[in-house]
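Read through the structure below, which is laid out as structure tokens, and then see the notes.
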Amino acid sequence: MATKAKILIVDDDADFAKSTKMILLADGYEVVIASDGKEGLRKVQEEKPDLIILDIMMESIFEGFSLVSSVRSDPHLSPFKHIPILMVSSVRGDTGSRFTFDDAEDMGSLPEPDDYLDKPFKPKELLDRVAELLARRRSS
């Protein structure tokens with residue numbers, strides 16, 4: 001089976017990263033894992049992924065946003081600024097409320113991801129979102 005695309009998972013939860021990797025591998029994707037934002041930025045440059053699945057809160061509550069901001073605005077990373085980013089978070093499960101990106105008062109100037117998915121999610125939901133983001137990238 002031919003590989004569909006390369007996906008970088010950036011998440012400090014090793015169990016989540018491994019289970020998500022298995023879902024994606026089973027659907028034909030190549031998968032690379034980074035356990036924090038710093039490693040994630042390095043792997044963006046080394047691996048040149050087609051899509052990034054990124055946890056919002058890792059070592060700090062804004063680590064995911066920091067990575068998005070770097071990818072989108074750092075001149076050294078300009079070849080990668082159009083990589084689709086699917087942010088994931090367990091905020092809803094932990095707090096009962098969903099993380100929203102459309103509130104300018106809460107978000108300020110933080111960059112938005114291309115899509116967002118609450119953890120836990122069903123494998124089909126993840127695969128559908130990944131396929132949609134990759135299709136959007138190919139058509140733009």
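Within each chain, counting starts at residue 1; across the structure tokens, chains are named A, B, ... in the order shown, with ligands numbered 1 upward in that order.
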Just list as a short mmCIF file (atom, residue, chain, number, x, y, z; two decimals) with N, CA and C atoms, in the first residue's frame whatever in chain A DSSP marks as strand (DSSP E).
```cif
data_model
loop_
_atom_site.label_atom_id
_atom_site.label_comp_id
_atom_site.auth_asym_id
_atom_site.auth_seq_id
_atom_site.Cartn_x
_atom_site.Cartn_y
_atom_site.Cartn_z
N LYS A 6 2.68 12.17 5.16
CA LYS A 6 3.44 12.10 6.41
C LYS A 6 2.78 13.03 7.43
N ILE A 7 2.52 12.48 8.61
CA ILE A 7 1.85 13.23 9.67
C ILE A 7 2.76 13.28 10.90
N LEU A 8 2.90 14.47 11.45
CA LEU A 8 3.65 14.67 12.67
C LEU A 8 2.67 14.83 13.82
N ILE A 9 2.80 13.97 14.83
CA ILE A 9 2.00 14.08 16.05
C ILE A 9 2.90 14.73 17.11
N VAL A 10 2.44 15.83 17.69
CA VAL A 10 3.18 16.50 18.76
C VAL A 10 2.30 16.47 20.01
N GLU A 30 2.23 7.75 6.89
CA GLU A 30 3.51 7.68 7.55
C GLU A 30 3.40 8.60 8.76
N VAL A 31 3.93 8.18 9.91
CA VAL A 31 3.73 8.95 11.14
C VAL A 31 5.05 9.15 11.87
N VAL A 32 5.25 10.38 12.33
CA VAL A 32 6.39 10.76 13.14
C VAL A 32 5.85 11.36 14.42
N ILE A 33 6.53 11.11 15.55
CA ILE A 33 6.05 11.61 16.84
C ILE A 33 7.10 12.51 17.48
N ALA A 34 6.63 13.60 18.10
CA ALA A 34 7.44 14.47 18.94
C ALA A 34 6.72 14.61 20.27
N LEU A 51 1.06 17.25 7.44
CA LEU A 51 0.04 17.68 8.39
C LEU A 51 0.60 17.49 9.79
N ILE A 52 0.18 18.36 10.71
CA ILE A 52 0.59 18.27 12.11
C ILE A 52 -0.65 18.08 12.97
N ILE A 53 -0.61 17.07 13.85
CA ILE A 53 -1.62 16.89 14.89
C ILE A 53 -0.95 17.35 16.18
N LEU A 54 -1.52 18.38 16.81
CA LEU A 54 -0.83 19.09 17.88
C LEU A 54 -1.69 19.25 19.12
N ASP A 55 -1.16 18.78 20.24
CA ASP A 55 -1.83 18.99 21.52
C ASP A 55 -1.69 20.46 21.91
N ILE A 85 -2.67 22.30 10.40
CA ILE A 85 -2.49 21.93 11.80
C ILE A 85 -3.85 21.60 12.40
N LEU A 86 -3.95 20.37 12.92
CA LEU A 86 -5.14 19.90 13.62
C LEU A 86 -4.79 19.90 15.10
N MET A 87 -5.36 20.84 15.86
CA MET A 87 -5.11 20.87 17.30
C MET A 87 -6.08 19.92 17.99
N VAL A 88 -5.56 19.27 19.02
CA VAL A 88 -6.38 18.35 19.82
C VAL A 88 -6.20 18.71 21.29
N SER A 89 -7.24 18.47 22.07
CA SER A 89 -7.14 18.76 23.49
C SER A 89 -8.18 17.98 24.28
N ASP A 115 -7.93 23.26 12.17
CA ASP A 115 -9.09 22.52 12.68
C ASP A 115 -8.80 22.14 14.13
N TYR A 116 -9.85 21.72 14.83
CA TYR A 116 -9.74 21.36 16.24
C TYR A 116 -10.58 20.13 16.51
N LEU A 117 -10.07 19.26 17.37
CA LEU A 117 -10.78 18.02 17.71
C LEU A 117 -10.63 17.78 19.21
N ASP A 118 -11.75 17.50 19.88
CA ASP A 118 -11.72 17.17 21.30
C ASP A 118 -11.24 15.74 21.50
#
```
Open item on the list: Among stretch 2-72 of chain A, which residues does DSSP mark as helix (DSSP H, G or I) when it is run on the backbone? Keep the chain and numbering as in the structure and answer as a VMD selection string.
Closed with: chain A and resid 14 to 26 37 to 47 63 to 72
Open item on the list: Under the rule that only C-alpha atoms are counted, which of A:Ser35, A:Gln45, A:Ser19, A:Ser140 is the nearest residue to A:Pro79?
Closed with: A:Gln45
- [ ] Find, counting only C-alpha atoms, the residue in A:Ala14, A:Pro113, A:Met22, A:Val71 that gets nearest to A:Gly37.
- [x] A:Val71
TODO: Record the distance separating atom CA of A:His82 and atom CA of A:Thr20, expressed in Å with one decimal.
DONE: 22.5 Å
TODO: For A:Tyr29, please output as a ChimeraX atom specification all residues within 8 Å (counting only C-alpha atoms; exclusion window: fewer than 2 positions along the same chain).
DONE: /A:3-7,24-27,31
Task: Given only C-alpha atoms as the counted atoms, nearest of A:Pro84, A:Leu77, A:Leu134, A:Asp13 to A:Ile56 - done: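 Of the candidates, the smallest distance to A:Ile56 is held by A:Asp13.
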Task: atom CA of A:Ile83 to atom CA of A:Lys48, straight-line distance in Å - done: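 Spanning atom CA of A:Lys48 to atom CA of A:Ile83 is a straight-line distance of 8.9 Å.
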Open item on the list: Could you tell me how far atom CA of A:Glu59 sits from atom CA of A:Val44, in Å to one decimal place?
Closed with: 18.7 Å
